[in-house]
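What follows is the content of my_file34.cif, which has mmCIF, C-alpha atoms:
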```
data_structure
#
loop_
_atom_site.label_atom_id
_atom_site.label_comp_id
_atom_site.auth_asym_id
_atom_site.auth_seq_id
_atom_site.Cartn_x
_atom_site.Cartn_y
_atom_site.Cartn_z
CA MET S 1 43.13 17.09 47.47
CA ASN S 2 44.27 13.49 47.18
CA GLU S 3 45.55 11.31 50.03
CA THR S 4 49.22 11.95 49.26
CA GLU S 5 48.73 15.72 49.23
CA ARG S 6 46.70 15.56 52.46
CA ALA S 7 49.45 13.50 54.12
CA LEU S 8 52.04 16.10 53.08
CA VAL S 9 49.91 18.96 54.39
CA ASP S 10 49.48 17.08 57.68
CA ARG S 11 53.24 16.56 57.89
CA VAL S 12 53.92 20.27 57.28
CA GLU S 13 51.36 21.24 59.92
CA GLN S 14 52.98 18.89 62.46
CA LEU S 15 56.44 20.18 61.60
CA MET S 16 55.32 23.78 62.11
CA LYS S 17 53.91 22.85 65.53
CA THR S 18 57.28 21.33 66.39
CA ILE S 19 59.60 24.13 65.26
CA GLY S 20 57.52 27.04 64.00
CA ALA S 21 55.07 27.83 66.78
CA LYS S 22 55.29 31.32 68.22
CA TRP S 23 58.53 31.85 70.18
CA LYS S 24 60.08 28.49 69.29
CA PRO S 25 62.40 29.88 66.57
CA ALA S 26 63.54 32.65 68.93
CA ILE S 27 64.21 30.16 71.75
CA VAL S 28 66.12 27.89 69.38
CA PHE S 29 68.14 30.89 68.14
CA CYS S 30 69.07 31.86 71.71
CA LEU S 31 70.15 28.34 72.61
CA VAL S 32 72.04 27.70 69.37
CA PHE S 33 74.04 30.91 69.56
CA GLY S 34 74.14 31.35 73.34
CA GLY S 35 74.78 27.75 74.32
CA ARG S 36 73.50 26.29 77.57
CA GLN S 37 71.40 28.83 79.46
CA ARG S 38 69.33 29.20 82.56
CA PHE S 39 65.65 30.05 82.33
CA THR S 40 66.25 33.59 83.59
CA ASP S 41 68.89 34.15 80.90
CA LEU S 42 66.39 33.14 78.22
CA ARG S 43 63.78 35.47 79.74
CA ARG S 44 66.30 38.31 79.63
CA ARG S 45 67.09 37.62 75.96
CA LEU S 46 63.38 37.38 75.09
CA PRO S 47 61.82 40.19 77.14
CA ASP S 48 58.42 40.06 75.41
CA ILE S 49 57.71 36.40 76.22
CA THR S 50 55.79 35.60 79.39
CA GLN S 51 57.19 33.21 81.95
CA LYS S 52 54.27 30.85 81.33
CA MET S 53 54.80 30.85 77.55
CA LEU S 54 58.56 30.31 77.86
CA THR S 55 57.95 27.38 80.21
CA GLN S 56 55.37 25.90 77.85
CA ARG S 57 57.55 26.26 74.75
CA LEU S 58 60.63 24.84 76.48
CA ARG S 59 58.60 21.82 77.61
CA GLU S 60 57.32 21.29 74.06
CA LEU S 61 60.84 21.55 72.63
CA GLU S 62 62.08 19.13 75.30
CA ARG S 63 59.23 16.71 74.58
CA ASP S 64 60.13 16.76 70.87
CA GLY S 65 63.78 16.05 71.65
CA LEU S 66 65.14 19.39 70.48
CA VAL S 67 66.05 20.82 73.90
CA ARG S 68 67.59 19.16 76.93
CA ARG S 69 66.63 20.28 80.44
CA ILE S 70 69.47 19.90 82.90
CA LEU S 71 68.52 19.84 86.57
CA HIS S 72 71.40 20.44 88.97
CA ASP S 73 70.91 18.83 92.37
CA GLU S 74 71.84 21.79 94.51
CA MET S 75 70.12 24.36 96.67
CA PRO S 76 68.66 26.49 95.38
CA VAL S 77 67.77 24.25 92.45
CA ARG S 78 69.44 25.29 89.21
CA VAL S 79 67.94 24.37 85.82
CA GLU S 80 69.63 24.94 82.47
CA TYR S 81 68.55 24.31 78.90
CA GLU S 82 70.61 23.39 75.87
CA MET S 83 70.04 22.17 72.36
CA THR S 84 70.27 18.44 71.72
CA GLU S 85 72.01 17.02 68.67
CA LEU S 86 68.60 16.71 67.02
CA GLY S 87 67.85 20.33 67.89
CA MET S 88 71.18 21.51 66.49
CA SER S 89 70.38 19.73 63.23
CA VAL S 90 67.52 22.20 62.68
CA HIS S 91 69.87 25.20 62.71
CA PRO S 92 70.88 25.10 59.01
CA TYR S 93 67.21 25.26 58.01
CA PHE S 94 66.54 28.24 60.27
CA LYS S 95 69.66 29.90 58.87
CA SER S 96 68.46 29.28 55.32
CA LEU S 97 65.11 30.86 56.15
CA CYS S 98 66.84 33.87 57.73
CA ASP S 99 69.07 34.24 54.67
CA TRP S 100 66.02 34.01 52.40
CA GLY S 101 64.27 36.66 54.48
CA ALA S 102 67.25 38.99 54.30
CA ARG S 103 67.54 38.55 50.50
CA ASN S 104 63.82 39.18 50.01
CA GLU S 105 63.09 41.77 52.69
CA ALA S 106 62.68 44.62 50.17
CA ALA S 107 60.38 42.56 47.91
CA ILE S 108 58.23 41.50 50.86
CA SER S 109 58.01 45.08 52.10
CA ALA S 110 57.03 46.28 48.62
CA ALA S 111 54.35 43.58 48.37
CA ASN S 112 52.99 44.60 51.80
CA THR S 113 52.86 48.25 50.76
CA ALA S 114 51.12 47.45 47.46
CA PHE S 115 48.59 45.19 49.18
CA ASP S 116 47.83 47.76 51.91
CA ALA S 117 47.38 50.48 49.27
CA ARG S 118 44.79 48.34 47.45
CA LYS S 119 42.92 47.66 50.68
CA GLY S 120 42.98 51.42 51.41
#
```

Can you turn what I pasted into structure tokens?
Amino acid sequence: MNETERALVDRVEQLMKTIGAKWKPAIVFCLVFGGRQRFTDLRRRLPDITQKMLTQRLRELERDGLVRRILHDEMPVRVEYEMTELGMSVHPYFKSLCDWGARNEAAISAANTAFDARKG
């Protein structure tokens, strides 16, 4: 692999850490379509994610500028999350991937079945 190819692979790997890590697409989906939400609302919409993982992923998305954390100065403290403009700009790409998945679901399923049959 030459330097240019290696640089592209590195860029793809970094991009996948930013938007493709486990739970990040689901969190982005919830915030894009649900708007500003409290942590507990996100937990309710994503029942299989742990509190620790949701906290970690939200912090990563905030660090990368995709999610904004809004702290309300009241008692008890209220925290909400929403997509930033940068975060919203990712939505068309997620939608394209979802559309691709829907168009190719049968072909992917058939490939899985054929592969599993060979592996017996």

Starting from the displayed file, determine the output of the PyMOL selection byres ((chain S and resi 40) around 12) and express the residue list as a PyMOL selection string.
chain S and resi 36-39+41-47+49-51+54-55+78-81

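Put simply, atom CA of S:Met83 is 5.9 Å away from atom CA of S:Leu66.
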
Work out how far atom CA of S:Leu31 is from atom CA of S:Glu82, in Å to one decimal.
5.9 Å

Just the number, please: distance in Å from atom CA of S:Ser96 to atom CA of S:Ala110, one decimal.
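Computed distance, atom CA of S:Ser96 to atom CA of S:Ala110, equals 21.6 Å.
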
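When only C-alpha atoms are used to compute distances to S:Glu60, the closest of the residues S:Lys119, S:Lys24, S:Arg103, S:His72 turns out to be S:Lys24.
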
Expansion of the PyMOL selection byres ((chain S and resi 18) around 12) into residues, as a list in words
Arg11, Val12, Glu13, Gln14, Leu15, Met16, Lys17, Ile19, Gly20, Ala21, Lys22, Trp23, Lys24, Pro25, Val28, Arg57, Leu58, Arg59, Glu60, Leu61, Glu62, Arg63, Asp64, Gly65, Leu66, Val67, Gly87 and Val90 of chain S

So which one's closest to S:Phe33, S:Asp116, S:Glu74, S:Gly101, S:Met88? Using all atoms listed in the file, please.
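Smallest separation from S:Phe33 among the options: S:Met88.
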
Export stretch 57-93 of chain S, N, CA, C and O atoms, as a PDB file, in the first residue's frame; it's the structure right above.
```pdb
ATOM      1  N   ARG S  57     -20.624   7.728  24.568  1.00  0.00           N
ATOM      2  CA  ARG S  57     -20.857   8.070  23.155  1.00  0.00           C
ATOM      3  C   ARG S  57     -21.314   9.519  23.001  1.00  0.00           C
ATOM      4  O   ARG S  57     -20.894  10.210  22.068  1.00  0.00           O
ATOM      5  N   LEU S  58     -22.164   9.995  23.906  1.00  0.00           N
ATOM      6  CA  LEU S  58     -22.590  11.391  23.837  1.00  0.00           C
ATOM      7  C   LEU S  58     -21.402  12.329  24.029  1.00  0.00           C
ATOM      8  O   LEU S  58     -21.282  13.339  23.325  1.00  0.00           O
ATOM      9  N   ARG S  59     -20.512  11.988  24.941  1.00  0.00           N
ATOM     10  CA  ARG S  59     -19.314  12.821  25.156  1.00  0.00           C
ATOM     11  C   ARG S  59     -18.431  12.837  23.910  1.00  0.00           C
ATOM     12  O   ARG S  59     -17.865  13.873  23.553  1.00  0.00           O
ATOM     13  N   GLU S  60     -18.279  11.675  23.274  1.00  0.00           N
ATOM     14  CA  GLU S  60     -17.473  11.605  22.054  1.00  0.00           C
ATOM     15  C   GLU S  60     -18.106  12.442  20.946  1.00  0.00           C
ATOM     16  O   GLU S  60     -17.405  13.176  20.235  1.00  0.00           O
ATOM     17  N   LEU S  61     -19.426  12.328  20.786  1.00  0.00           N
ATOM     18  CA  LEU S  61     -20.113  13.112  19.762  1.00  0.00           C
ATOM     19  C   LEU S  61     -20.027  14.611  20.064  1.00  0.00           C
ATOM     20  O   LEU S  61     -19.881  15.426  19.151  1.00  0.00           O
ATOM     21  N   GLU S  62     -20.093  14.957  21.341  1.00  0.00           N
ATOM     22  CA  GLU S  62     -19.942  16.363  21.736  1.00  0.00           C
ATOM     23  C   GLU S  62     -18.522  16.841  21.454  1.00  0.00           C
ATOM     24  O   GLU S  62     -18.316  17.931  20.900  1.00  0.00           O
ATOM     25  N   ARG S  63     -17.546  16.034  21.792  1.00  0.00           N
ATOM     26  CA  ARG S  63     -16.141  16.397  21.568  1.00  0.00           C
ATOM     27  C   ARG S  63     -15.861  16.639  20.090  1.00  0.00           C
ATOM     28  O   ARG S  63     -15.101  17.533  19.722  1.00  0.00           O
ATOM     29  N   ASP S  64     -16.503  15.835  19.227  1.00  0.00           N
ATOM     30  CA  ASP S  64     -16.305  15.965  17.780  1.00  0.00           C
ATOM     31  C   ASP S  64     -17.172  17.052  17.153  1.00  0.00           C
ATOM     32  O   ASP S  64     -17.137  17.253  15.941  1.00  0.00           O
ATOM     33  N   GLY S  65     -17.983  17.722  17.971  1.00  0.00           N
ATOM     34  CA  GLY S  65     -18.774  18.839  17.470  1.00  0.00           C
ATOM     35  C   GLY S  65     -20.076  18.453  16.802  1.00  0.00           C
ATOM     36  O   GLY S  65     -20.705  19.285  16.153  1.00  0.00           O
ATOM     37  N   LEU S  66     -20.503  17.202  16.968  1.00  0.00           N
ATOM     38  CA  LEU S  66     -21.734  16.758  16.317  1.00  0.00           C
ATOM     39  C   LEU S  66     -22.961  16.933  17.211  1.00  0.00           C
ATOM     40  O   LEU S  66     -24.080  17.051  16.718  1.00  0.00           O
ATOM     41  N   VAL S  67     -22.745  16.922  18.519  1.00  0.00           N
ATOM     42  CA  VAL S  67     -23.833  17.032  19.491  1.00  0.00           C
ATOM     43  C   VAL S  67     -23.511  18.166  20.452  1.00  0.00           C
ATOM     44  O   VAL S  67     -22.358  18.383  20.818  1.00  0.00           O
ATOM     45  N   ARG S  68     -24.556  18.880  20.832  1.00  0.00           N
ATOM     46  CA  ARG S  68     -24.426  19.966  21.812  1.00  0.00           C
ATOM     47  C   ARG S  68     -25.093  19.510  23.113  1.00  0.00           C
ATOM     48  O   ARG S  68     -26.210  19.005  23.099  1.00  0.00           O
ATOM     49  N   ARG S  69     -24.386  19.692  24.208  1.00  0.00           N
ATOM     50  CA  ARG S  69     -24.915  19.393  25.542  1.00  0.00           C
ATOM     51  C   ARG S  69     -25.381  20.703  26.140  1.00  0.00           C
ATOM     52  O   ARG S  69     -24.614  21.669  26.238  1.00  0.00           O
ATOM     53  N   ILE S  70     -26.636  20.746  26.549  1.00  0.00           N
ATOM     54  CA  ILE S  70     -27.220  21.964  27.094  1.00  0.00           C
ATOM     55  C   ILE S  70     -27.518  21.727  28.565  1.00  0.00           C
ATOM     56  O   ILE S  70     -28.332  20.867  28.916  1.00  0.00           O
ATOM     57  N   LEU S  71     -26.837  22.479  29.409  1.00  0.00           N
ATOM     58  CA  LEU S  71     -26.997  22.357  30.859  1.00  0.00           C
ATOM     59  C   LEU S  71     -27.882  23.508  31.332  1.00  0.00           C
ATOM     60  O   LEU S  71     -27.541  24.684  31.151  1.00  0.00           O
ATOM     61  N   HIS S  72     -29.030  23.162  31.916  1.00  0.00           N
ATOM     62  CA  HIS S  72     -29.948  24.169  32.441  1.00  0.00           C
ATOM     63  C   HIS S  72     -29.634  24.381  33.922  1.00  0.00           C
ATOM     64  O   HIS S  72     -29.586  23.422  34.688  1.00  0.00           O
ATOM     65  N   ASP S  73     -29.430  25.618  34.290  1.00  0.00           N
ATOM     66  CA  ASP S  73     -29.065  25.968  35.661  1.00  0.00           C
ATOM     67  C   ASP S  73     -30.312  26.020  36.527  1.00  0.00           C
ATOM     68  O   ASP S  73     -30.860  27.088  36.793  1.00  0.00           O
ATOM     69  N   GLU S  74     -30.773  24.855  36.911  1.00  0.00           N
ATOM     70  CA  GLU S  74     -31.956  24.748  37.759  1.00  0.00           C
ATOM     71  C   GLU S  74     -31.800  23.526  38.648  1.00  0.00           C
ATOM     72  O   GLU S  74     -30.956  22.682  38.414  1.00  0.00           O
ATOM     73  N   MET S  75     -32.626  23.442  39.652  1.00  0.00           N
ATOM     74  CA  MET S  75     -32.569  22.294  40.557  1.00  0.00           C
ATOM     75  C   MET S  75     -33.854  21.496  40.437  1.00  0.00           C
ATOM     76  O   MET S  75     -34.920  22.081  40.548  1.00  0.00           O
ATOM     77  N   PRO S  76     -33.826  20.204  40.208  1.00  0.00           N
ATOM     78  CA  PRO S  76     -32.588  19.467  39.930  1.00  0.00           C
ATOM     79  C   PRO S  76     -32.035  19.853  38.556  1.00  0.00           C
ATOM     80  O   PRO S  76     -32.762  20.339  37.696  1.00  0.00           O
ATOM     81  N   VAL S  77     -30.746  19.613  38.390  1.00  0.00           N
ATOM     82  CA  VAL S  77     -30.069  19.958  37.142  1.00  0.00           C
ATOM     83  C   VAL S  77     -30.717  19.213  35.984  1.00  0.00           C
ATOM     84  O   VAL S  77     -31.066  18.038  36.098  1.00  0.00           O
ATOM     85  N   ARG S  78     -30.922  19.937  34.888  1.00  0.00           N
ATOM     86  CA  ARG S  78     -31.509  19.330  33.695  1.00  0.00           C
ATOM     87  C   ARG S  78     -30.505  19.472  32.552  1.00  0.00           C
ATOM     88  O   ARG S  78     -29.980  20.554  32.301  1.00  0.00           O
ATOM     89  N   VAL S  79     -30.226  18.351  31.880  1.00  0.00           N
ATOM     90  CA  VAL S  79     -29.288  18.332  30.760  1.00  0.00           C
ATOM     91  C   VAL S  79     -30.024  17.810  29.541  1.00  0.00           C
ATOM     92  O   VAL S  79     -30.756  16.822  29.614  1.00  0.00           O
ATOM     93  N   GLU S  80     -29.842  18.486  28.412  1.00  0.00           N
ATOM     94  CA  GLU S  80     -30.433  18.052  27.154  1.00  0.00           C
ATOM     95  C   GLU S  80     -29.331  17.967  26.096  1.00  0.00           C
ATOM     96  O   GLU S  80     -28.279  18.596  26.229  1.00  0.00           O
ATOM     97  N   TYR S  81     -29.615  17.197  25.073  1.00  0.00           N
ATOM     98  CA  TYR S  81     -28.681  17.024  23.959  1.00  0.00           C
ATOM     99  C   TYR S  81     -29.411  17.319  22.668  1.00  0.00           C
ATOM    100  O   TYR S  81     -30.592  16.994  22.515  1.00  0.00           O
ATOM    101  N   GLU S  82     -28.675  17.930  21.734  1.00  0.00           N
ATOM    102  CA  GLU S  82     -29.230  18.188  20.410  1.00  0.00           C
ATOM    103  C   GLU S  82     -28.101  18.143  19.383  1.00  0.00           C
ATOM    104  O   GLU S  82     -26.928  18.285  19.729  1.00  0.00           O
ATOM    105  N   MET S  83     -28.479  17.950  18.153  1.00  0.00           N
ATOM    106  CA  MET S  83     -27.500  17.938  17.074  1.00  0.00           C
ATOM    107  C   MET S  83     -27.039  19.361  16.792  1.00  0.00           C
ATOM    108  O   MET S  83     -27.826  20.300  16.848  1.00  0.00           O
ATOM    109  N   THR S  84     -25.772  19.511  16.475  1.00  0.00           N
ATOM    110  CA  THR S  84     -25.244  20.797  16.024  1.00  0.00           C
ATOM    111  C   THR S  84     -25.471  20.874  14.510  1.00  0.00           C
ATOM    112  O   THR S  84     -25.906  19.914  13.870  1.00  0.00           O
ATOM    113  N   GLU S  85     -25.140  22.009  13.948  1.00  0.00           N
ATOM    114  CA  GLU S  85     -25.236  22.158  12.494  1.00  0.00           C
ATOM    115  C   GLU S  85     -24.314  21.148  11.806  1.00  0.00           C
ATOM    116  O   GLU S  85     -24.698  20.517  10.816  1.00  0.00           O
ATOM    117  N   LEU S  86     -23.113  20.983  12.350  1.00  0.00           N
ATOM    118  CA  LEU S  86     -22.181  19.993  11.799  1.00  0.00           C
ATOM    119  C   LEU S  86     -22.783  18.593  11.885  1.00  0.00           C
ATOM    120  O   LEU S  86     -22.724  17.812  10.943  1.00  0.00           O
ATOM    121  N   GLY S  87     -23.384  18.277  13.031  1.00  0.00           N
ATOM    122  CA  GLY S  87     -24.011  16.973  13.203  1.00  0.00           C
ATOM    123  C   GLY S  87     -25.149  16.751  12.233  1.00  0.00           C
ATOM    124  O   GLY S  87     -25.295  15.666  11.659  1.00  0.00           O
ATOM    125  N   MET S  88     -25.959  17.779  12.022  1.00  0.00           N
ATOM    126  CA  MET S  88     -27.082  17.657  11.084  1.00  0.00           C
ATOM    127  C   MET S  88     -26.589  17.438   9.655  1.00  0.00           C
ATOM    128  O   MET S  88     -27.264  16.803   8.848  1.00  0.00           O
ATOM    129  N   SER S  89     -25.393  17.930   9.352  1.00  0.00           N
ATOM    130  CA  SER S  89     -24.871  17.770   7.992  1.00  0.00           C
ATOM    131  C   SER S  89     -24.522  16.319   7.675  1.00  0.00           C
ATOM    132  O   SER S  89     -24.362  15.955   6.519  1.00  0.00           O
ATOM    133  N   VAL S  90     -24.439  15.472   8.698  1.00  0.00           N
ATOM    134  CA  VAL S  90     -24.143  14.049   8.494  1.00  0.00           C
ATOM    135  C   VAL S  90     -25.403  13.274   8.077  1.00  0.00           C
ATOM    136  O   VAL S  90     -25.322  12.239   7.439  1.00  0.00           O
ATOM    137  N   HIS S  91     -26.564  13.815   8.429  1.00  0.00           N
ATOM    138  CA  HIS S  91     -27.827  13.112   8.197  1.00  0.00           C
ATOM    139  C   HIS S  91     -28.024  12.598   6.767  1.00  0.00           C
ATOM    140  O   HIS S  91     -28.403  11.437   6.578  1.00  0.00           O
ATOM    141  N   PRO S  92     -27.768  13.396   5.725  1.00  0.00           N
ATOM    142  CA  PRO S  92     -27.986  12.865   4.368  1.00  0.00           C
ATOM    143  C   PRO S  92     -27.152  11.618   4.061  1.00  0.00           C
ATOM    144  O   PRO S  92     -27.597  10.737   3.324  1.00  0.00           O
ATOM    145  N   TYR S  93     -25.981  11.518   4.646  1.00  0.00           N
ATOM    146  CA  TYR S  93     -25.128  10.350   4.413  1.00  0.00           C
ATOM    147  C   TYR S  93     -25.679   9.124   5.130  1.00  0.00           C
ATOM    148  O   TYR S  93     -25.693   8.020   4.578  1.00  0.00           O
TER     149      TYR S  93
END
```
